[in-house]
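coords_15.pdb (PDB, C-alpha atoms, pLDDT in the B column)
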ATOM      1  CA  MET A 238     -84.692  75.798  27.447  1.00 70.00           C
ATOM      2  CA  GLY A 239     -86.593  79.005  26.656  1.00 73.00           C
ATOM      3  CA  LEU A 240     -89.620  76.911  25.675  1.00 78.00           C
ATOM      4  CA  LEU A 241     -89.632  75.105  28.995  1.00 83.00           C
ATOM      5  CA  ILE A 242     -89.028  78.140  31.194  1.00 86.00           C
ATOM      6  CA  GLY A 243     -91.401  80.403  29.250  1.00 85.00           C
ATOM      7  CA  ASP A 244     -94.291  77.957  29.301  1.00 86.00           C
ATOM      8  CA  ALA A 245     -93.674  77.043  32.947  1.00 87.00           C
ATOM      9  CA  LEU A 246     -93.766  80.726  33.879  1.00 90.00           C
ATOM     10  CA  VAL A 247     -97.024  81.274  31.980  1.00 89.00           C
ATOM     11  CA  PHE A 248     -98.576  78.077  33.393  1.00 89.00           C
ATOM     12  CA  ALA A 249     -97.688  78.872  37.001  1.00 92.00           C
ATOM     13  CA  SER A 250     -98.827  82.496  36.695  1.00 91.00           C
ATOM     14  CA  LEU A 251    -102.174  81.541  35.173  1.00 89.00           C
ATOM     15  CA  LEU A 252    -102.747  79.010  37.925  1.00 91.00           C
ATOM     16  CA  ALA A 253    -101.975  81.631  40.599  1.00 93.00           C
ATOM     17  CA  PHE A 254    -104.539  84.224  39.457  1.00 90.00           C
ATOM     18  CA  PRO A 255    -107.468  82.878  41.526  1.00 90.00           C
ATOM     19  CA  LEU A 256    -105.377  82.744  44.701  1.00 91.00           C
ATOM     20  CA  TRP A 257    -105.589  86.427  45.580  1.00 88.00           C
ATOM     21  CA  LYS A 258    -107.674  89.343  44.330  1.00 85.00           C
ATOM     22  CA  SER A 259    -105.276  92.254  44.270  1.00 86.00           C
ATOM     23  CA  VAL A 260    -104.315  94.620  41.471  1.00 83.00           C
ATOM     24  CA  THR A 261    -100.675  94.506  42.601  1.00 87.00           C
ATOM     25  CA  PHE A 262    -100.646  90.711  42.669  1.00 90.00           C
ATOM     26  CA  TRP A 263    -102.334  90.496  39.266  1.00 87.00           C
ATOM     27  CA  PHE A 264     -99.964  93.130  37.885  1.00 86.00           C
ATOM     28  CA  THR A 265     -97.022  90.995  38.985  1.00 90.00           C
ATOM     29  CA  LEU A 266     -98.573  87.881  37.458  1.00 91.00           C
ATOM     30  CA  ARG A 267     -99.226  89.711  34.182  1.00 87.00           C
ATOM     31  CA  LEU A 268     -95.608  90.882  34.223  1.00 87.00           C
ATOM     32  CA  LEU A 269     -94.445  87.280  34.624  1.00 90.00           C
ATOM     33  CA  ILE A 270     -96.814  86.134  31.872  1.00 89.00           C
ATOM     34  CA  GLY A 271     -95.452  88.840  29.562  1.00 85.00           C
ATOM     35  CA  ILE A 272     -91.863  87.785  30.218  1.00 87.00           C
ATOM     36  CA  GLY A 273     -92.703  84.072  29.908  1.00 88.00           C
ATOM     37  CA  ASP A 274     -94.732  84.679  26.757  1.00 85.00           C
ATOM     38  CA  HIS A 275     -91.919  86.648  25.167  1.00 84.00           C
ATOM     39  CA  ALA A 276     -89.355  83.967  26.076  1.00 86.00           C
ATOM     40  CA  LEU A 277     -91.679  81.269  24.770  1.00 85.00           C
ATOM     41  CA  HIS A 278     -92.274  82.942  21.427  1.00 85.00           C
ATOM     42  CA  PHE A 279     -88.668  83.989  20.959  1.00 85.00           C
ATOM     43  CA  ALA A 280     -87.501  80.422  21.596  1.00 86.00           C
ATOM     44  CA  THR A 281     -90.216  78.950  19.369  1.00 85.00           C
ATOM     45  CA  GLN A 282     -89.461  81.243  16.453  1.00 86.00           C
ATOM     46  CA  THR A 283     -85.736  80.624  16.830  1.00 85.00           C
ATOM     47  CA  TRP A 284     -86.344  76.873  16.928  1.00 83.00           C
ATOM     48  CA  ILE A 285     -88.595  76.955  13.840  1.00 85.00           C
ATOM     49  CA  THR A 286     -86.187  79.069  11.791  1.00 86.00           C
ATOM     50  CA  SER A 287     -83.143  77.025  12.777  1.00 83.00           C
ATOM     51  CA  THR A 288     -84.618  73.547  12.218  1.00 83.00           C
ATOM     52  CA  THR A 289     -86.980  74.002   9.265  1.00 85.00           C
ATOM     53  CA  ASP A 290     -85.821  73.446   5.712  1.00 86.00           C
ATOM     54  CA  HIS A 291     -85.475  76.752   3.842  1.00 86.00           C
ATOM     55  CA  LYS A 292     -88.040  75.660   1.243  1.00 89.00           C
ATOM     56  CA  SER A 293     -90.781  75.218   3.846  1.00 90.00           C
ATOM     57  CA  LEU A 294     -89.736  77.955   6.302  1.00 89.00           C
ATOM     58  CA  GLY A 295     -92.518  80.314   5.212  1.00 88.00           C
ATOM     59  CA  LYS A 296     -95.103  77.565   5.613  1.00 90.00           C
ATOM     60  CA  GLY A 297     -93.810  76.664   9.061  1.00 88.00           C
ATOM     61  CA  MET A 298     -93.860  80.276  10.248  1.00 88.00           C
ATOM     62  CA  ALA A 299     -97.346  80.744   8.769  1.00 90.00           C
ATOM     63  CA  ILE A 300     -98.651  77.719  10.674  1.00 90.00           C
ATOM     64  CA  TYR A 301     -97.047  79.067  13.840  1.00 87.00           C
ATOM     65  CA  GLY A 302     -98.613  82.497  13.246  1.00 86.00           C
ATOM     66  CA  LEU A 303    -102.008  80.897  12.609  1.00 89.00           C
ATOM     67  CA  SER A 304    -101.752  78.909  15.833  1.00 85.00           C
ATOM     68  CA  PHE A 305    -100.731  82.023  17.756  1.00 80.00           C
ATOM     69  CA  SER A 306    -103.629  84.020  16.274  1.00 82.00           C
ATOM     70  CA  THR A 307    -106.096  81.215  17.002  1.00 86.00           C
ATOM     71  CA  GLY A 308    -105.081  81.372  20.639  1.00 79.00           C
ATOM     72  CA  PHE A 309    -105.826  85.096  20.712  1.00 75.00           C
ATOM     73  CA  ALA A 310    -109.201  84.474  19.066  1.00 80.00           C
ATOM     74  CA  VAL A 311    -110.247  81.602  21.354  1.00 81.00           C
ATOM     75  CA  GLY A 312    -108.879  83.089  24.590  1.00 78.00           C
ATOM     76  CA  PRO A 313    -111.637  85.674  25.168  1.00 78.00           C
ATOM     77  CA  LEU A 314    -114.278  82.943  24.850  1.00 81.00           C
ATOM     78  CA  MET A 315    -113.117  81.616  28.206  1.00 82.00           C
ATOM     79  CA  VAL A 316    -114.597  84.651  29.939  1.00 80.00           C
ATOM     80  CA  LYS A 317    -117.985  82.925  29.754  1.00 84.00           C
ATOM     81  CA  LEU A 318    -116.628  80.254  32.106  1.00 86.00           C
ATOM     82  CA  ILE A 319    -116.879  82.821  34.906  1.00 84.00           C
ATOM     83  CA  GLN A 320    -120.580  81.958  35.081  1.00 87.00           C
ATOM     84  CA  VAL A 321    -119.601  78.493  36.331  1.00 91.00           C
ATOM     85  CA  SER A 322    -116.744  79.546  38.604  1.00 90.00           C
ATOM     86  CA  GLU A 323    -114.628  82.650  38.923  1.00 86.00           C
ATOM     87  CA  ALA A 324    -111.433  80.597  38.857  1.00 88.00           C
ATOM     88  CA  LEU A 325    -112.435  78.290  35.984  1.00 90.00           C
ATOM     89  CA  PRO A 326    -111.044  80.398  33.075  1.00 88.00           C
ATOM     90  CA  PHE A 327    -107.640  80.493  34.768  1.00 89.00           C
ATOM     91  CA  ILE A 328    -107.690  76.788  35.548  1.00 90.00           C
ATOM     92  CA  VAL A 329    -108.681  75.832  31.980  1.00 90.00           C
ATOM     93  CA  SER A 330    -106.037  78.179  30.515  1.00 87.00           C
ATOM     94  CA  SER A 331    -103.329  76.796  32.777  1.00 89.00           C
ATOM     95  CA  ILE A 332    -104.291  73.212  31.923  1.00 90.00           C
ATOM     96  CA  MET A 333    -104.058  74.043  28.214  1.00 87.00           C
ATOM     97  CA  CYS A 334    -100.586  75.546  28.805  1.00 85.00           C
ATOM     98  CA  LEU A 335     -99.588  72.444  30.761  1.00 88.00           C
ATOM     99  CA  LEU A 336    -100.693  70.215  27.870  1.00 89.00           C
ATOM    100  CA  ALA A 337     -98.698  72.300  25.393  1.00 83.00           C
ATOM    101  CA  TRP A 338     -95.733  72.185  27.774  1.00 82.00           C
ATOM    102  CA  ALA A 339     -95.956  68.374  27.930  1.00 86.00           C
ATOM    103  CA  PHE A 340     -95.564  68.127  24.135  1.00 84.00           C
ATOM    104  CA  VAL A 341     -92.206  69.918  24.346  1.00 80.00           C
ATOM    105  CA  PHE A 342     -90.785  66.879  26.159  1.00 82.00           C
ATOM    106  CA  LEU A 343     -91.610  64.706  23.138  1.00 83.00           C
ATOM    107  CA  LEU A 344     -89.304  66.714  20.859  1.00 76.00           C
ATOM    108  CA  GLN A 345     -86.060  65.110  19.811  1.00 74.00           C
ATOM    109  CA  ASN A 346     -83.136  66.881  21.412  1.00 69.00           C
ATOM    110  CA  GLU A 347     -80.189  67.394  19.112  1.00 67.00           C
ATOM    111  CA  LYS A 348     -76.650  67.893  20.278  1.00 63.00           C
ATOM    112  CA  PRO A 349     -75.694  71.563  20.092  1.00 60.00           C
ATOM    113  CA  GLU A 350     -72.664  72.731  18.178  1.00 67.00           C
ATOM    114  CA  ARG A 351     -69.433  72.852  20.116  1.00 67.00           C
ATOM    115  CA  LEU A 352     -68.763  76.147  21.825  1.00 59.00           C
ATOM    116  CA  THR A 353     -65.965  78.294  20.512  1.00 66.00           C
ATOM    117  CA  GLY A 354     -64.184  81.113  22.246  1.00 63.00           C
ATOM    118  CA  ASP A 355     -63.219  81.106  25.900  1.00 62.00           C
ATOM    119  CA  LEU A 356     -63.851  77.514  26.896  1.00 58.00           C
ATOM    120  CA  HIS A 357     -62.524  78.164  30.402  1.00 61.00           C
ATOM    121  CA  ALA A 358     -65.410  80.507  31.224  1.00 57.00           C
ATOM    122  CA  ARG A 359     -67.655  78.214  33.209  1.00 65.00           C
ATOM    123  CA  GLY A 360     -70.564  78.504  35.584  1.00 71.00           C
ATOM    124  CA  TRP A 361     -71.633  81.908  36.813  1.00 78.00           C
ATOM    125  CA  HIS A 362     -68.877  83.661  34.877  1.00 78.00           C
ATOM    126  CA  ARG A 363     -70.694  82.919  31.606  1.00 74.00           C
ATOM    127  CA  TYR A 364     -73.932  84.329  33.039  1.00 76.00           C
ATOM    128  CA  LYS A 365     -72.107  87.442  34.191  1.00 82.00           C
ATOM    129  CA  MET A 366     -70.664  87.867  30.708  1.00 79.00           C
ATOM    130  CA  ALA A 367     -74.120  87.427  29.140  1.00 77.00           C
ATOM    131  CA  ILE A 368     -75.590  90.094  31.415  1.00 79.00           C
ATOM    132  CA  ALA A 369     -72.650  92.443  30.919  1.00 83.00           C
ATOM    133  CA  PHE A 370     -72.745  92.241  27.130  1.00 82.00           C
ATOM    134  CA  GLY A 371     -76.368  91.377  26.466  1.00 80.00           C
ATOM    135  CA  TRP A 372     -78.230  93.629  28.908  1.00 78.00           C
ATOM    136  CA  ILE A 373     -79.900  95.471  26.058  1.00 81.00           C
ATOM    137  CA  ALA A 374     -81.529  92.237  24.900  1.00 76.00           C
ATOM    138  CA  PHE A 375     -83.061  91.773  28.363  1.00 74.00           C
ATOM    139  CA  LEU A 376     -84.803  95.151  28.133  1.00 81.00           C
ATOM    140  CA  VAL A 377     -87.209  94.023  25.415  1.00 79.00           C
ATOM    141  CA  PRO A 378     -88.820  91.175  27.435  1.00 76.00           C
ATOM    142  CA  PHE A 379     -88.969  93.402  30.509  1.00 79.00           C
ATOM    143  CA  VAL A 380     -90.644  96.294  28.673  1.00 82.00           C
ATOM    144  CA  TYR A 381     -93.015  93.903  26.904  1.00 78.00           C
ATOM    145  CA  GLY A 382     -93.997  92.261  30.191  1.00 75.00           C
ATOM    146  CA  PHE A 383     -94.348  95.621  31.936  1.00 80.00           C
ATOM    147  CA  LEU A 384     -96.559  97.090  29.215  1.00 79.00           C
ATOM    148  CA  GLU A 385     -98.677  93.978  28.899  1.00 75.00           C
ATOM    149  CA  SER A 386     -99.211  93.687  32.631  1.00 72.00           C
ATOM    150  CA  SER A 387     -99.940  97.376  33.181  1.00 75.00           C
ATOM    151  CA  LEU A 388    -102.294  97.736  30.220  1.00 74.00           C
ATOM    152  CA  ASN A 389    -104.173  94.488  30.764  1.00 70.00           C
ATOM    153  CA  ALA A 390    -104.391  94.700  34.552  1.00 67.00           C
ATOM    154  CA  LEU A 391    -105.489  98.325  34.670  1.00 71.00           C
ATOM    155  CA  PHE A 392    -107.875  98.068  31.731  1.00 71.00           C
ATOM    156  CA  LEU A 393    -110.109  95.757  33.765  1.00 67.00           C
ATOM    157  CA  VAL A 394    -110.333  98.315  36.577  1.00 70.00           C
ATOM    158  CA  TYR A 395    -111.106 101.077  34.077  1.00 72.00           C
ATOM    159  CA  ALA A 396    -113.767  98.961  32.353  1.00 72.00           C
ATOM    160  CA  LEU A 397    -115.460  98.081  35.638  1.00 71.00           C
ATOM    161  CA  ARG A 398    -115.566 101.738  36.677  1.00 77.00           C
ATOM    162  CA  LYS A 399    -117.095 102.711  33.326  1.00 77.00           C
ATOM    163  CA  GLY A 400    -119.711  99.955  33.617  1.00 74.00           C
ATOM    164  CA  PHE A 401    -118.758  97.864  30.595  1.00 69.00           C
ATOM    165  CA  VAL A 402    -120.583  94.548  30.450  1.00 58.00           C
ATOM    166  CA  TRP A 403    -118.208  91.599  29.925  1.00 55.00           C
ATOM    167  CA  ILE A 404    -120.565  88.656  29.615  1.00 48.00           C
TER     168      ILE A 404
END

Take the structure I supplied and represent it as structure tokens, if you would.
Amino acid sequence: MGLLIGDALVFASLLAFPLWKSVTFWFTLRLLIGIGDHALHFATQTWITSTTDHKSLGKGMAIYGLSFSTGFAVGPLMVKLIQVSEALPFIVSSIMCLLAWAFVFLLQNEKPERLTGDLHARGWHRYKMAIAFGWIAFLVPFVYGFLESSLNALFLVYALRKGFVWI
């Protein structure tokens, strides 16, 4: 579920960037991308470590790390698409996220293990329990998203004021 929600959040945020030119709006979108990105990578790494055979776990994580690093290396090349259209880098990025998201639906879904513990805790009560006992785990994605959005959104303003050339 984290894969689906994380990638959907990143896809929708990337697609929304060209809609409005505002630092506050972009800050919010970067915050959502940070949270979605963190959820996506946490779910992916959990999925890889829980489904991969122990003999090939290192290889699987290395391939995942290589793919992640390749994305960071290729991503800045999209800045040149601004010459065609200001919205084109965001549209291409969101389409690439949508394609990656589509592949998640091709994965075989296994039945999860049966729950143990309080089986009568249903619905919103389970969510309340997760928030009450796991609030510290929610701080990491929030801080990551906040830092990523503030640093990335405000760096562009700083760079423009200093006269850096981007293309």

Please, what distance in Å, to one decimal, runs between CA of Phe305 (chain A) and CA of His278 (chain A)?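 For CA of Phe305 (chain A) relative to CA of His278 (chain A), the distance reads 9.3 Å.
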
Which of these, A:Val377, A:Ile332, A:Ala299, A:Leu343, has the shortest distance to Ala249 (chain A) once you count all atoms listed in the file?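 With all atoms listed in the file as the atom set, the closest residue is A:Ile332.
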
Which distance in Å separates CA of Phe375 (chain A) and CA of Ser250 (chain A), to one decimal?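 That distance, rounded to one decimal, is 20.1 Å.
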
Taking the file as shown, what set of residues would the PyMOL selection byres ((chain A and resi 258-269) around 10) give back, as an MDAnalysis selection string? chainID A and resid 243 246:247 249:257 270:275 378:391 393:394

Save out the residues we just selected, C-alpha atoms, as a short mmCIF file (atom, residue, chain, number, x, y, z; two decimals), keeping the file's coordinate frame.
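Below is the file again_12.cif, written as the result:
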data_model
loop_
_atom_site.label_atom_id
_atom_site.label_comp_id
_atom_site.auth_asym_id
_atom_site.auth_seq_id
_atom_site.Cartn_x
_atom_site.Cartn_y
_atom_site.Cartn_z
CA GLY A 243 -91.40 80.40 29.25
CA LEU A 246 -93.77 80.73 33.88
CA VAL A 247 -97.02 81.27 31.98
CA ALA A 249 -97.69 78.87 37.00
CA SER A 250 -98.83 82.50 36.70
CA LEU A 251 -102.17 81.54 35.17
CA LEU A 252 -102.75 79.01 37.92
CA ALA A 253 -101.98 81.63 40.60
CA PHE A 254 -104.54 84.22 39.46
CA PRO A 255 -107.47 82.88 41.53
CA LEU A 256 -105.38 82.74 44.70
CA TRP A 257 -105.59 86.43 45.58
CA ILE A 270 -96.81 86.13 31.87
CA GLY A 271 -95.45 88.84 29.56
CA ILE A 272 -91.86 87.78 30.22
CA GLY A 273 -92.70 84.07 29.91
CA ASP A 274 -94.73 84.68 26.76
CA HIS A 275 -91.92 86.65 25.17
CA PRO A 378 -88.82 91.18 27.44
CA PHE A 379 -88.97 93.40 30.51
CA VAL A 380 -90.64 96.29 28.67
CA TYR A 381 -93.02 93.90 26.90
CA GLY A 382 -94.00 92.26 30.19
CA PHE A 383 -94.35 95.62 31.94
CA LEU A 384 -96.56 97.09 29.22
CA GLU A 385 -98.68 93.98 28.90
CA SER A 386 -99.21 93.69 32.63
CA SER A 387 -99.94 97.38 33.18
CA LEU A 388 -102.29 97.74 30.22
CA ASN A 389 -104.17 94.49 30.76
CA ALA A 390 -104.39 94.70 34.55
CA LEU A 391 -105.49 98.32 34.67
CA LEU A 393 -110.11 95.76 33.76
CA VAL A 394 -110.33 98.32 36.58
#

Work out how far CA of Met315 (chain A) is from CA of Val329 (chain A), in Å to one decimal.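 Rounded to one decimal, the two atoms are 8.2 Å apart.
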
I want to know what sits within 7 Å of Ser331 (chain A), based on all atoms listed in the file, with residues of the same chain fewer than 3 positions away left out; could you give that as a VMD selection string? chain A and resid 248 251 to 252 327 to 328 334 to 335

Residue nearest Thr288 (chain A) - candidates A:Leu344, A:Val316, A:Leu397, A:Ile373, atoms counted: all atoms listed in the file: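 Among the listed residues, A:Leu344 lies closest to Thr288 (chain A).
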
Please identify all polymer residues within 12 Å of Lys317 (chain A), counting all atoms listed in the file, omitting same-chain residues fewer than 2 positions from it, and present them as a list in words.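 Neighbouring residues, sequence-local ones excluded: Val311, Gly312, Pro313, Leu314, Met315, Ile319, Gln320, Val321, Ser322, Glu323, Ala324, Leu325, Pro326, Phe327, Val329, Val402, Trp403 and Ile404 of chain A.
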
Please list as a list in words every residue within 10 Å of Tyr301 (chain A), counting all atoms listed in the file and excluding residues in the same chain fewer than 5 positions away.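 So the residues in contact are His278, Thr281, Gln282, Ile285, Gly295, Lys296, Ser306 and Thr307 of chain A.
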